[in-house]
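Student: Sharing a structure with you now.
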Amino acid sequence: MVSFLEFEKPIAELEARIVELRATASVGDINIDGEIATLESRAGKLLSDTYARLTPWQKTQVARHAERPHFKDYVAGMFDNFMPLAGDRAFADDQAIIGGFATLGERKLMVIGHEKGDDTASRVRHNFGMAKPEGYRKAIRLMELADRFGLPVVSLVDTSGAFPGVQAEERGQAEAIARSTEACLKLGVPMVAVVVGEGGSGGAIALAAANRVLMFEHAIYSVISPEGCASILWRTADKASDAATAMQVTAQHLKGLGVIDGIVPEPVGGAHRDPVAAIANLAAAIEAELASLDGLGADALRTDRADKFLAIGA
């Protein structure tokens, strides 16, 4: 059963009523199929209307939904022959970032992404998708390996930001993020990045300095979380909704600003309501973007990437 967000309460009430009526119909002789069909129609329309006019803060809540697909779900539903590669060859294997060889259709590639986890134990193991320096150094190693073998790189971004702890700073967090961003920009192979949930700060851009940057319809991408922005500007996280609106964190805003190249549609009600359809939409979008980059040489790909990012804000 889907967990409802705060703004979905009217939808939750309708769907609860539908469940009650179905339970009544299953044990009685009364035919209430017509009433159930009417309520289902109302619930579907309400869901569609609600998601058609989400505010930036509501989209932030959808992007963070606990039941939204994560990296392991995309790997299972989209890629074949996934071979994970571990470690940065210097310190440790950071489970917040996972990557390895895979195939998408007939195309061999390197896929890298953040994994948040989907229950308490896995969230702790993956550090809620917040990578440490060794995570970004692993990503660099995998990107350089892909470059060496002429394989395109696909990155799936879903993080609230890089891990801000003292240990990460001691091991060179800022330098690792900068090196990872540089590695993206230097690639001589095509790179497509997709923000599938949260794209937070340098922790996101370190895997998203790509030839093509896409976002899911209800994903967010920002230099700081709305709560972080609100705590700086208004000294209270209670203004997070205002901050999300002011920062223009949604895919629709960012497409208009030229920060991203395309928006991947989600099923009505968000990717968490129909992960299979969401994953299929994403696979088709990535394949199309990779096909558009076929035939470009290493220098052309680097120039394309540089021109793209230098044009932002111009």
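Residue numbering restarts at 1 in every chain; chains get A, B, ... in the order shown in the structure tokens, and ligands count up from 1 in that same order.
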Report as a list in words all protein, DNA and RNA residues lying within 10 Å of A:Leu46, evaluated on only C-alpha atoms, omitting residues in the same chain fewer than 6 positions from it.

Tutor: Glu8, Pro10, Ile11, Leu14, Glu40 and Ala52 of chain A

Student: Report the closest atom pair, with its distance in Å rounded to one decimal, for each residue of stretch 84-146 of chain A that has an atom no farther than 12 Å from stretch 291-304 of chain A; count only C-alpha atoms, sort by chain and then rising residue number, and write it as JSON lines.

Tutor:
```
{"residue": "A:Leu104", "atom": "CA", "partner": "A:Ala291", "partner_atom": "CA", "distance": 11.8}
{"residue": "A:Gly105", "atom": "CA", "partner": "A:Ala291", "partner_atom": "CA", "distance": 11.8}
{"residue": "A:Glu106", "atom": "CA", "partner": "A:Ala291", "partner_atom": "CA", "distance": 11.7}
{"residue": "A:Arg107", "atom": "CA", "partner": "A:Ala291", "partner_atom": "CA", "distance": 9.9}
```

Student: Tell me which protein, DNA and RNA residues are within 8 Å of A:Glu266, counting only C-alpha atoms, leaving out same-chain ones fewer than 4 positions away, and put them as a VMD selection string.

Tutor: chain A and resid 216 to 218 270 to 271 277 to 278 281

Student: Calculate how many Å separate atom CA of A:Arg171 from atom CA of A:Asn127, rounding to one decimal.

Tutor: 16.5 Å

Student: DSSP on the backbone: what in stretch 53-295 of chain A comes out strand (DSSP E), as number ranges by chain?

Tutor: A: 80-84, 97-104, 107-114, 153-159, 191-200, 212-216, 220-222, 262-264

Student: Applying 12 Å and only C-alpha atoms, which residues near stretch 249-258 of chain A remain after dropping the ones on its own chain fewer than 5 positions away? List them as a PyMOL selection string.

Tutor: chain A and resi 52-63+194-201+212-226+229+240-244+263-266+307-314

Student: Between atom CA of A:Gly100 and atom CA of A:Tyr74, what is the distance in Å, rounded to a tenth?

Tutor: 13.1 Å

Student: Quick one: residues within 9 Å of A:His114, only C-alpha atoms, excluding same-chain residues fewer than 2 positions away - as a list in words?

Tutor: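 Counting only C-alpha atoms, the residues come to His70, Phe71, Gln95, Ala96, Ile97, Ile98, Gly99, Ile112, Lys116, His126, Phe128, Gly129, Met130, Ala131, Ser155, Leu156, Val157, Asp158, Thr159 and Ala204 of chain A.
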
Student: For A:Asp119, please output as a ChimeraX atom specification all residues within 10 Å (counting only C-alpha atoms; exclusion window: fewer than 6 positions along the same chain).

Tutor: /A:66-67,125

Student: Selection from above, C-alpha atoms, as a JSON list (two decimals), in the first residue's frame, can you write it?

Tutor:
```
[["chain", "number", "residue", "atom", "x", "y", "z"],
["A", 66, "ALA", "CA", 10.58, 6.52, 0.78],
["A", 67, "GLU", "CA", 8.92, 4.19, -1.75],
["A", 125, "ARG", "CA", 24.62, 0.78, 5.20]]
```
